[in-house]
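Visitor: I'd like to ask some things about the structure below.
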2 protein chains.
Amino acid sequence: MAESEIDRLVQLLAKLPGLGPRSARRAALHLIKKRETLLGPLADALNRAAETVHPCSQCGNLDDHDPCGVCTDVRRDGSTICVVEEVADLWALERGAVYTGRYHVLGGTLSAIDGVGPEDLNIDSLVRRASADDVTEIILATNATVDGQTTAHYITDRLSGANVKISRLARGVPVGGELDYLDDGTLAAALKARREM
Amino acid sequence: MAESEIDRLVQLLAKLPGLGPRSARRAALHLIKKRETLLGPLADALNRAAETVHPCSQCGNLDDHDPCGVCTDVRRDGSTICVVEEVADLWALERGAVYTGRYHVLGGTLSAIDGVGPEDLNIDSLVRRASADDVTEIILATNATVDGQTTAHYITDRLSGANVKISRLARGVPVGGELDYLDDGTLAAALKARREM
């Protein structure tokens, strides 16, 4: 018997992060129940996203115009560039609504195991942007993982020629964090970087 | 600023059961990263499902042909009809691969609170099917909830005129279940329905 259209839909939904086989089945039934209000619009949104959403040629953010909304927003401070690993990190910082500069999305981290070298990441374009006259500070906001920190150190080296200040995010106790549940590394970093009250 | 295509995609994905706002964002980024292998095929599968998948006019199962694959499978026993609330329940029983009869999907349960009456469910068609000559047993496999059991009792009443055996699923300790974690109702039911070794 040929594979049914529902089976095919379930198999594709199960490939989404966060959906296993069981929740993919639930999602497929939900979609077919809401044919007009959800299934149709979602199919349209997917098609439109496939056509219109592309990486920004300047910063690597995903948007339906190029340069992206962040790069073209004149209210944002062009003198600061925040370097992040992935678009998801950019979104996380935007949700915080504290940072008003621009971004640069690397597209991953250096990784010897996965064979990711500097030429696989958007590092050359970052060096070019950093040498522009109006850029004064580069904030390295890669993840606090081994790969993220290796990448941050590599970028610091590469930017040594550019006349910019290079900073990184603070390490310490997360807001709402309980000391008893924190790892030793975080506690040591928080103690080392303690500040006067 | 107009809403971006990505935001629209994220909002629609977040309406799927099992995906919250954060996992919908992850899913959207994953889809855009896998434009060729996942985003395109998923959009196609949604469009095809919207066109071709419809409820079976006989049993209420969802399939891309009518009558559905279960109703047209000649290897299945047409003398037994298993009554379930939703298509998901039918799929769950099919995964078990033990039941070889046919099904009838009610499309929900009677519910005074939600204003669901007998006319909103596929009960009339069940009564018609039950009066057919070749049907000998109706298995009521509604959920073991108050609404599910109310519905089962109502159907038993409605089928009193038809010359069929009416049964329900056994209650008891689930396979792998530990007594200490079971509720009193299940334990009482299991004790009452005990069987000789």
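All residue names refer to the structure tokens as shown: chains lettered A, B, ... in order, residues numbered from 1 in each chain, ligands numbered from 1 in order.
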Skip Leu90 of chain A itself and residues of its chain fewer than 2 positions away, then list as number ranges by chain all residues within 12 Å of it, counting only C-alpha atoms.
Guide: A: 59-62, 70, 81-88, 92-97, 99-107, 141-143; B: 25, 29
Visitor: Return as a VMD selection string the residues belonging to chain A that are within 6 Å of chain B, counting only C-alpha atoms.
Guide: chain A and resid 5 9 16 to 17 27 43 45 to 46 49
Visitor: Would you list the contacts of Ala162 of chain A as a list in words, taking every protein, DNA or RNA residue within 10 Å and counting only C-alpha atoms, but skipping same-chain residues closer than 3 positions in sequence?
Guide: Val127, Arg128, Arg129, Ala130, Ser131, Ala132, Asp133, Val135, Thr136, Thr156, Arg158, Leu159, Lys165 and Ile166 of chain A
Visitor: If you run DSSP over the backbone, which residues in chain B end up strand (DSSP E)? Put them as an MDAnalysis selection string.
Guide: chainID B and resid 54:55 62:63 77:84 101:105 137:140 165:168
Visitor: What does the distance between atom CA of Leu191 of chain B and atom CA of Glu178 of chain B come to in Å, to one decimal place?
Guide: 14.2 Å
Visitor: Report, in Å to a single decimal, how far apart atom CA of Pro118 of chain B and atom CA of Thr151 of chain B are.
Guide: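 Distance reported for this atom pair: 8.7 Å.
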Visitor: Go ahead and compute the interatomic distance for atom CA of Thr145 of chain B and atom CA of Cys56 of chain B, in Å to one decimal.
Guide: 26.0 Å
Visitor: Taking into account only C-alpha atoms, which residue in the set A:Asp89, A:Arg75, A:Asp66, A:Ile138 is nearest to Ser160 of chain A?
Guide: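 Of all the options, A:Ile138 lies closest to Ser160 of chain A.
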